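One structure below.
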Amino acid sequence: MTSVVVGTPFFLATVFEKHEMWKVYAPMILLGGGVMLPAMYWAETRKMLQEMLFFGILVAGIGYFLLGAGEHTHGLLVAGIIVYFIGFNLIEPALPSLVSRFAPVSLRGTALGVFNMSQYMGAFFGGAIGGLFLGRHPFWLYPFLMLLCIPWVWAASRLDNPRNIRDARFPAKSEAPHHAAELRRVHGIYDARWLPDGHLEIRYSSLHHDESSLKFLLKTKGLI
């Protein structure tokens with residue numbers, strides 16, 4: 001986002017006067033914001049956050065392509081920044097929501113703090129990269145960002161789909177923090193915590209576990 005914001009206004013300034021910039025920014029903000037709210041509602045209610053993230057990356061990649069092609073065609077430059085911003089507004093709300101889905105309840109604040117820190121780091125590196133390209137080969141920025149979408153999609157594909165996340169409760173014999181930490185290290189288990197009523201609540205992936213396999217695991221550890 002920051003790298004796009006650093007370079008693109010300079011290119012738009014060669015097409016529009018300052019007092020005409022609203023013709024680009026107004027549709028960009030209205031369309032981007034108008035898409036974000038209904039898309040997020042749809043993704044949350046249908047548990048399709050991962051699909052929304054993938055689609056947002058795809059739309060942003062198309063925006064990068066149009067921006068790169070806009071060096072000689074101003075209409076593509078304008079279309080590119082609008083399409084990119086729509087993709088960005090699909091990605092932006094999906095990421096923190098996914099973090100909160102997978103992070104353990106006791107560590108959710110820490111996880112979101114690390115996520116926010118990564119956004120600030122991204123703003124720093126994005127600004128530096130955008131400035132580097134702007135000073136040398138300005139329109140090469142967009143093919144570079146398109147290439148970054150490839151490892152991004154690969155990393156996102158390794159996430160478990162939030163639709164597969166389940167919660168199960170079991171009456172536990174004892175309550176020990178180190179047991180919860182041990183359970184979280186088991187592949188396919190995202191959280192384990194004791195509830196005030198003495199039950200052990202486990203958040204897990206249905207692709208890797210079911211309640212019977214969890215019961216067997218807890219029995220081997222002497223927790224139930």
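In the structure tokens, each chain is lettered A, B, ... as it comes, each chain's residues begin at 1, and ligands are numbered from 1 in order of appearance.
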Quick one: residues within 9 Å of Cys149 of chain A, only C-alpha atoms counted, chain neighbours fewer than 2 positions away excluded, as an mmCIF file with all heavy atoms, in the first residue's frame?
```
data_model
loop_
_atom_site.group_PDB
_atom_site.id
_atom_site.type_symbol
_atom_site.label_atom_id
_atom_site.label_comp_id
_atom_site.auth_asym_id
_atom_site.auth_seq_id
_atom_site.Cartn_x
_atom_site.Cartn_y
_atom_site.Cartn_z
ATOM 1 N N ILE A 57 -6.114 -10.623 -3.066
ATOM 2 C CA ILE A 57 -4.767 -10.646 -3.641
ATOM 3 C C ILE A 57 -4.850 -10.672 -5.165
ATOM 4 O O ILE A 57 -4.083 -9.990 -5.860
ATOM 5 C CB ILE A 57 -3.973 -11.848 -3.113
ATOM 6 C CG1 ILE A 57 -3.771 -11.728 -1.598
ATOM 7 C CG2 ILE A 57 -2.616 -11.956 -3.804
ATOM 8 C CD1 ILE A 57 -3.167 -12.973 -0.965
ATOM 9 N N LEU A 58 -5.787 -11.454 -5.705
ATOM 10 C CA LEU A 58 -5.967 -11.527 -7.152
ATOM 11 C C LEU A 58 -6.351 -10.168 -7.731
ATOM 12 O O LEU A 58 -5.775 -9.716 -8.732
ATOM 13 C CB LEU A 58 -7.041 -12.561 -7.495
ATOM 14 C CG LEU A 58 -7.441 -12.657 -8.971
ATOM 15 C CD1 LEU A 58 -6.256 -13.100 -9.821
ATOM 16 C CD2 LEU A 58 -8.617 -13.616 -9.149
ATOM 17 N N ALA A 60 -5.877 -7.195 -6.368
ATOM 18 C CA ALA A 60 -4.734 -6.291 -6.229
ATOM 19 C C ALA A 60 -3.692 -6.565 -7.313
ATOM 20 O O ALA A 60 -3.107 -5.630 -7.875
ATOM 21 C CB ALA A 60 -4.106 -6.444 -4.847
ATOM 22 N N GLY A 61 -3.461 -7.855 -7.623
ATOM 23 C CA GLY A 61 -2.512 -8.197 -8.685
ATOM 24 C C GLY A 61 -2.956 -7.664 -10.035
ATOM 25 O O GLY A 61 -2.129 -7.185 -10.828
ATOM 26 N N LEU A 145 5.709 -5.741 -7.585
ATOM 27 C CA LEU A 145 4.639 -6.037 -6.631
ATOM 28 C C LEU A 145 3.805 -7.232 -7.088
ATOM 29 O O LEU A 145 3.324 -8.017 -6.266
ATOM 30 C CB LEU A 145 3.743 -4.807 -6.446
ATOM 31 C CG LEU A 145 4.416 -3.607 -5.767
ATOM 32 C CD1 LEU A 145 3.476 -2.406 -5.757
ATOM 33 C CD2 LEU A 145 4.841 -3.953 -4.347
ATOM 34 N N MET A 146 3.637 -7.377 -8.415
ATOM 35 C CA MET A 146 2.938 -8.554 -8.932
ATOM 36 C C MET A 146 3.678 -9.826 -8.553
ATOM 37 O O MET A 146 3.064 -10.828 -8.166
ATOM 38 C CB MET A 146 2.802 -8.457 -10.451
ATOM 39 C CG MET A 146 1.723 -7.506 -10.942
ATOM 40 S SD MET A 146 1.600 -7.527 -12.753
ATOM 41 C CE MET A 146 1.051 -9.203 -13.020
ATOM 42 N N LEU A 147 5.009 -9.806 -8.651
ATOM 43 C CA LEU A 147 5.805 -10.984 -8.288
ATOM 44 C C LEU A 147 5.661 -11.308 -6.799
ATOM 45 O O LEU A 147 5.655 -12.472 -6.407
ATOM 46 C CB LEU A 147 7.271 -10.752 -8.640
ATOM 47 C CG LEU A 147 7.610 -10.748 -10.127
ATOM 48 C CD1 LEU A 147 9.083 -10.400 -10.336
ATOM 49 C CD2 LEU A 147 7.300 -12.101 -10.758
ATOM 50 N N PRO A 151 4.542 -15.452 -3.696
ATOM 51 C CA PRO A 151 4.777 -16.059 -2.374
ATOM 52 C C PRO A 151 3.672 -15.737 -1.377
ATOM 53 O O PRO A 151 3.433 -16.510 -0.438
ATOM 54 C CB PRO A 151 6.122 -15.451 -1.937
ATOM 55 C CG PRO A 151 6.265 -14.199 -2.731
ATOM 56 C CD PRO A 151 5.598 -14.487 -4.048
ATOM 57 N N TRP A 152 2.994 -14.623 -1.576
ATOM 58 C CA TRP A 152 1.891 -14.263 -0.684
ATOM 59 C C TRP A 152 0.756 -15.285 -0.810
ATOM 60 O O TRP A 152 0.219 -15.769 0.185
ATOM 61 C CB TRP A 152 1.404 -12.859 -1.032
ATOM 62 C CG TRP A 152 0.508 -12.242 -0.011
ATOM 63 C CD1 TRP A 152 0.127 -12.758 1.177
ATOM 64 C CD2 TRP A 152 -0.126 -10.959 -0.104
ATOM 65 N NE1 TRP A 152 -0.709 -11.884 1.848
ATOM 66 C CE2 TRP A 152 -0.870 -10.787 1.076
ATOM 67 C CE3 TRP A 152 -0.125 -9.964 -1.060
ATOM 68 C CZ2 TRP A 152 -1.617 -9.640 1.312
ATOM 69 C CZ3 TRP A 152 -0.865 -8.823 -0.829
ATOM 70 C CH2 TRP A 152 -1.601 -8.656 0.351
ATOM 71 N N VAL A 153 0.390 -15.602 -2.047
ATOM 72 C CA VAL A 153 -0.662 -16.596 -2.269
ATOM 73 C C VAL A 153 -0.230 -17.957 -1.735
ATOM 74 O O VAL A 153 -1.027 -18.687 -1.131
ATOM 75 C CB VAL A 153 -1.002 -16.687 -3.774
ATOM 76 C CG1 VAL A 153 -1.860 -17.908 -4.060
ATOM 77 C CG2 VAL A 153 -1.723 -15.425 -4.232
ATOM 78 N N TRP A 154 1.049 -18.311 -1.946
ATOM 79 C CA TRP A 154 1.542 -19.591 -1.437
ATOM 80 C C TRP A 154 1.430 -19.649 0.086
ATOM 81 O O TRP A 154 0.984 -20.656 0.641
ATOM 82 C CB TRP A 154 2.998 -19.777 -1.858
ATOM 83 C CG TRP A 154 3.620 -21.013 -1.277
ATOM 84 C CD1 TRP A 154 3.482 -22.295 -1.740
ATOM 85 C CD2 TRP A 154 4.448 -21.087 -0.120
ATOM 86 N NE1 TRP A 154 4.186 -23.172 -0.935
ATOM 87 C CE2 TRP A 154 4.789 -22.462 0.069
ATOM 88 C CE3 TRP A 154 4.953 -20.143 0.770
ATOM 89 C CZ2 TRP A 154 5.600 -22.882 1.117
ATOM 90 C CZ3 TRP A 154 5.758 -20.576 1.813
ATOM 91 C CH2 TRP A 154 6.076 -21.924 1.980
#
```
Contacts of Gly188 of chain A within 9 Å, only C-alpha atoms, excl. fewer than 5 positions in-chain, as a ChimeraX atom specification
/A:160,203-209
Convert the current residue selection to file output with all heavy atoms, as a PDB file, in the first residue's frame.
```pdb
ATOM      1  N   ASP A 160      -4.871 -23.025   7.331  1.00  0.00           N
ATOM      2  CA  ASP A 160      -6.075 -23.846   7.428  1.00  0.00           C
ATOM      3  C   ASP A 160      -7.275 -22.943   7.160  1.00  0.00           C
ATOM      4  O   ASP A 160      -7.292 -21.776   7.541  1.00  0.00           O
ATOM      5  CB  ASP A 160      -6.162 -24.455   8.827  1.00  0.00           C
ATOM      6  CG  ASP A 160      -7.221 -25.546   8.908  1.00  0.00           C
ATOM      7  OD1 ASP A 160      -7.814 -25.873   7.868  1.00  0.00           O
ATOM      8  OD2 ASP A 160      -7.425 -26.063  10.006  1.00  0.00           O
ATOM      9  N   ARG A 203      -9.536 -25.685  20.734  1.00  0.00           N
ATOM     10  CA  ARG A 203      -9.864 -25.230  19.386  1.00  0.00           C
ATOM     11  C   ARG A 203      -8.946 -25.972  18.422  1.00  0.00           C
ATOM     12  O   ARG A 203      -7.728 -25.938  18.565  1.00  0.00           O
ATOM     13  CB  ARG A 203      -9.669 -23.718  19.266  1.00  0.00           C
ATOM     14  CG  ARG A 203      -9.844 -23.200  17.848  1.00  0.00           C
ATOM     15  CD  ARG A 203      -9.950 -21.695  17.806  1.00  0.00           C
ATOM     16  NE  ARG A 203     -11.250 -21.280  18.346  1.00  0.00           N
ATOM     17  CZ  ARG A 203     -11.700 -20.026  18.287  1.00  0.00           C
ATOM     18  NH1 ARG A 203     -10.962 -19.080  17.755  1.00  0.00           N
ATOM     19  NH2 ARG A 203     -12.877 -19.718  18.777  1.00  0.00           N
ATOM     20  N   TYR A 204      -9.537 -26.640  17.448  1.00  0.00           N
ATOM     21  CA  TYR A 204      -8.762 -27.537  16.603  1.00  0.00           C
ATOM     22  C   TYR A 204      -9.247 -27.483  15.155  1.00  0.00           C
ATOM     23  O   TYR A 204     -10.312 -26.925  14.856  1.00  0.00           O
ATOM     24  CB  TYR A 204      -8.862 -28.968  17.130  1.00  0.00           C
ATOM     25  CG  TYR A 204     -10.256 -29.555  17.043  1.00  0.00           C
ATOM     26  CD1 TYR A 204     -10.633 -30.373  15.983  1.00  0.00           C
ATOM     27  CD2 TYR A 204     -11.222 -29.274  18.023  1.00  0.00           C
ATOM     28  CE1 TYR A 204     -11.911 -30.904  15.896  1.00  0.00           C
ATOM     29  CE2 TYR A 204     -12.492 -29.804  17.945  1.00  0.00           C
ATOM     30  CZ  TYR A 204     -12.837 -30.615  16.878  1.00  0.00           C
ATOM     31  OH  TYR A 204     -14.111 -31.129  16.792  1.00  0.00           O
ATOM     32  N   SER A 205      -8.457 -28.079  14.274  1.00  0.00           N
ATOM     33  CA  SER A 205      -8.828 -28.198  12.867  1.00  0.00           C
ATOM     34  C   SER A 205      -9.496 -29.549  12.640  1.00  0.00           C
ATOM     35  O   SER A 205      -8.947 -30.596  12.996  1.00  0.00           O
ATOM     36  CB  SER A 205      -7.591 -28.075  11.975  1.00  0.00           C
ATOM     37  OG  SER A 205      -7.913 -28.448  10.639  1.00  0.00           O
ATOM     38  N   SER A 206     -10.666 -29.531  12.014  1.00  0.00           N
ATOM     39  CA  SER A 206     -11.370 -30.782  11.737  1.00  0.00           C
ATOM     40  C   SER A 206     -10.683 -31.594  10.645  1.00  0.00           C
ATOM     41  O   SER A 206     -11.024 -32.762  10.434  1.00  0.00           O
ATOM     42  CB  SER A 206     -12.812 -30.475  11.313  1.00  0.00           C
ATOM     43  OG  SER A 206     -12.830 -29.692  10.127  1.00  0.00           O
ATOM     44  N   LEU A 207      -9.717 -30.999   9.942  1.00  0.00           N
ATOM     45  CA  LEU A 207      -8.951 -31.747   8.943  1.00  0.00           C
ATOM     46  C   LEU A 207      -7.960 -32.701   9.598  1.00  0.00           C
ATOM     47  O   LEU A 207      -7.543 -33.691   8.984  1.00  0.00           O
ATOM     48  CB  LEU A 207      -8.191 -30.784   8.021  1.00  0.00           C
ATOM     49  CG  LEU A 207      -9.023 -29.922   7.078  1.00  0.00           C
ATOM     50  CD1 LEU A 207      -8.115 -29.000   6.279  1.00  0.00           C
ATOM     51  CD2 LEU A 207      -9.859 -30.777   6.138  1.00  0.00           C
ATOM     52  N   HIS A 208      -7.559 -32.393  10.839  1.00  0.00           N
ATOM     53  CA  HIS A 208      -6.525 -33.172  11.500  1.00  0.00           C
ATOM     54  C   HIS A 208      -7.034 -33.932  12.724  1.00  0.00           C
ATOM     55  O   HIS A 208      -6.389 -34.907  13.132  1.00  0.00           O
ATOM     56  CB  HIS A 208      -5.386 -32.250  11.940  1.00  0.00           C
ATOM     57  CG  HIS A 208      -4.804 -31.450  10.816  1.00  0.00           C
ATOM     58  ND1 HIS A 208      -4.017 -31.991   9.840  1.00  0.00           N
ATOM     59  CD2 HIS A 208      -4.914 -30.127  10.503  1.00  0.00           C
ATOM     60  CE1 HIS A 208      -3.644 -31.057   8.988  1.00  0.00           C
ATOM     61  NE2 HIS A 208      -4.178 -29.918   9.361  1.00  0.00           N
ATOM     62  N   HIS A 209      -8.148 -33.498  13.292  1.00  0.00           N
ATOM     63  CA  HIS A 209      -8.629 -34.131  14.518  1.00  0.00           C
ATOM     64  C   HIS A 209     -10.155 -34.212  14.501  1.00  0.00           C
ATOM     65  O   HIS A 209     -10.827 -33.497  13.750  1.00  0.00           O
ATOM     66  CB  HIS A 209      -8.205 -33.325  15.763  1.00  0.00           C
ATOM     67  CG  HIS A 209      -6.726 -33.186  15.917  1.00  0.00           C
ATOM     68  ND1 HIS A 209      -5.936 -34.191  16.427  1.00  0.00           N
ATOM     69  CD2 HIS A 209      -5.890 -32.145  15.637  1.00  0.00           C
ATOM     70  CE1 HIS A 209      -4.671 -33.784  16.452  1.00  0.00           C
ATOM     71  NE2 HIS A 209      -4.616 -32.559  15.979  1.00  0.00           N
TER      72      HIS A 209
END
```
Compile a residue-level contact table for segment 102-135 of chain A against segment 88-92 of chain A at a cut-off of 12 Å, reporting for every qualifying residue the shortest atom pair and its distance in Å to one decimal, with only C-alpha atoms counted, rows ordered by chain and ascending number, as CSV.
```
residue,atom,partner,partner_atom,distance
A:Phe115,CA,A:Glu92,CA,11.8
A:Asn116,CA,A:Glu92,CA,11.7
A:Gln119,CA,A:Glu92,CA,10.4
```
For segment 29-41 of chain A, find every residue with an atom within 7 Å (counting only C-alpha atoms), except residues of its own chain fewer than 2 positions away, and show them as a VMD selection string.
chain A and resid 25 to 27 43 to 45 85 to 86 89 to 90
Output file for the residues above (all heavy atoms, as an mmCIF file, in the first residue's frame):
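This went into part-v7.cif:
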```
data_model
loop_
_atom_site.group_PDB
_atom_site.id
_atom_site.type_symbol
_atom_site.label_atom_id
_atom_site.label_comp_id
_atom_site.auth_asym_id
_atom_site.auth_seq_id
_atom_site.Cartn_x
_atom_site.Cartn_y
_atom_site.Cartn_z
ATOM 1 N N TYR A 25 -9.621 9.967 -6.994
ATOM 2 C CA TYR A 25 -9.669 9.537 -5.595
ATOM 3 C C TYR A 25 -11.086 9.290 -5.094
ATOM 4 O O TYR A 25 -11.308 8.390 -4.270
ATOM 5 C CB TYR A 25 -8.965 10.564 -4.705
ATOM 6 C CG TYR A 25 -7.482 10.632 -4.943
ATOM 7 C CD1 TYR A 25 -6.823 11.850 -5.036
ATOM 8 C CD2 TYR A 25 -6.730 9.474 -5.093
ATOM 9 C CE1 TYR A 25 -5.450 11.919 -5.264
ATOM 10 C CE2 TYR A 25 -5.357 9.527 -5.314
ATOM 11 C CZ TYR A 25 -4.729 10.750 -5.402
ATOM 12 O OH TYR A 25 -3.382 10.807 -5.626
ATOM 13 N N ALA A 26 -12.047 10.071 -5.557
ATOM 14 C CA ALA A 26 -13.433 9.880 -5.107
ATOM 15 C C ALA A 26 -13.981 8.508 -5.518
ATOM 16 O O ALA A 26 -14.487 7.758 -4.671
ATOM 17 C CB ALA A 26 -14.326 11.007 -5.610
ATOM 18 N N PRO A 27 -13.889 8.140 -6.820
ATOM 19 C CA PRO A 27 -14.350 6.785 -7.179
ATOM 20 C C PRO A 27 -13.544 5.694 -6.480
ATOM 21 O O PRO A 27 -14.102 4.656 -6.095
ATOM 22 C CB PRO A 27 -14.134 6.729 -8.698
ATOM 23 C CG PRO A 27 -14.075 8.138 -9.146
ATOM 24 C CD PRO A 27 -13.497 8.917 -8.004
ATOM 25 N N ALA A 43 -18.158 -12.650 3.951
ATOM 26 C CA ALA A 43 -17.087 -13.576 4.337
ATOM 27 C C ALA A 43 -17.254 -14.066 5.772
ATOM 28 O O ALA A 43 -17.013 -15.239 6.073
ATOM 29 C CB ALA A 43 -15.732 -12.909 4.157
ATOM 30 N N GLU A 44 -17.676 -13.181 6.672
ATOM 31 C CA GLU A 44 -17.842 -13.563 8.073
ATOM 32 C C GLU A 44 -19.036 -14.505 8.248
ATOM 33 O O GLU A 44 -18.943 -15.502 8.971
ATOM 34 C CB GLU A 44 -18.036 -12.315 8.937
ATOM 35 C CG GLU A 44 -16.776 -11.474 9.129
ATOM 36 C CD GLU A 44 -15.853 -12.051 10.197
ATOM 37 O OE1 GLU A 44 -16.152 -13.150 10.700
ATOM 38 O OE2 GLU A 44 -14.844 -11.407 10.503
ATOM 39 N N THR A 45 -20.139 -14.188 7.618
ATOM 40 C CA THR A 45 -21.343 -14.998 7.806
ATOM 41 C C THR A 45 -21.215 -16.364 7.138
ATOM 42 O O THR A 45 -21.752 -17.356 7.634
ATOM 43 C CB THR A 45 -22.588 -14.276 7.251
ATOM 44 O OG1 THR A 45 -22.356 -13.903 5.883
ATOM 45 C CG2 THR A 45 -22.886 -13.038 8.073
ATOM 46 N N PHE A 85 -7.134 -0.532 -5.238
ATOM 47 C CA PHE A 85 -7.683 -0.118 -3.949
ATOM 48 C C PHE A 85 -8.860 -0.997 -3.545
ATOM 49 O O PHE A 85 -9.066 -1.253 -2.357
ATOM 50 C CB PHE A 85 -8.108 1.348 -4.011
ATOM 51 C CG PHE A 85 -8.347 1.965 -2.655
ATOM 52 C CD1 PHE A 85 -7.288 2.183 -1.791
ATOM 53 C CD2 PHE A 85 -9.620 2.321 -2.246
ATOM 54 C CE1 PHE A 85 -7.498 2.740 -0.534
ATOM 55 C CE2 PHE A 85 -9.839 2.879 -0.993
ATOM 56 C CZ PHE A 85 -8.769 3.088 -0.138
ATOM 57 N N ILE A 86 -9.613 -1.493 -4.520
ATOM 58 C CA ILE A 86 -10.691 -2.439 -4.204
ATOM 59 C C ILE A 86 -10.092 -3.727 -3.633
ATOM 60 O O ILE A 86 -10.564 -4.256 -2.621
ATOM 61 C CB ILE A 86 -11.534 -2.732 -5.461
ATOM 62 C CG1 ILE A 86 -12.330 -1.485 -5.862
ATOM 63 C CG2 ILE A 86 -12.482 -3.906 -5.208
ATOM 64 C CD1 ILE A 86 -13.065 -1.627 -7.175
ATOM 65 N N ASN A 89 -8.892 -3.225 -0.097
ATOM 66 C CA ASN A 89 -9.981 -3.171 0.873
ATOM 67 C C ASN A 89 -10.627 -4.525 1.114
ATOM 68 O O ASN A 89 -11.396 -4.683 2.074
ATOM 69 C CB ASN A 89 -11.037 -2.157 0.419
ATOM 70 C CG ASN A 89 -10.678 -0.742 0.796
ATOM 71 O OD1 ASN A 89 -10.933 -0.283 1.904
ATOM 72 N ND2 ASN A 89 -10.040 -0.040 -0.129
ATOM 73 N N LEU A 90 -10.333 -5.502 0.272
ATOM 74 C CA LEU A 90 -10.751 -6.868 0.551
ATOM 75 C C LEU A 90 -9.731 -7.561 1.460
ATOM 76 O O LEU A 90 -10.099 -8.374 2.309
ATOM 77 C CB LEU A 90 -10.894 -7.656 -0.757
ATOM 78 C CG LEU A 90 -12.011 -7.212 -1.702
ATOM 79 C CD1 LEU A 90 -11.924 -7.982 -3.011
ATOM 80 C CD2 LEU A 90 -13.382 -7.409 -1.067
#
```
Pick out the closest residue to Asn161 of chain A from this set: A:Glu211, A:Asp191, A:Glu201, A:Glu51. Count only C-alpha atoms.
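Ranking A:Glu211, A:Asp191, A:Glu201, A:Glu51 by distance to Asn161 of chain A, first place goes to A:Glu51.
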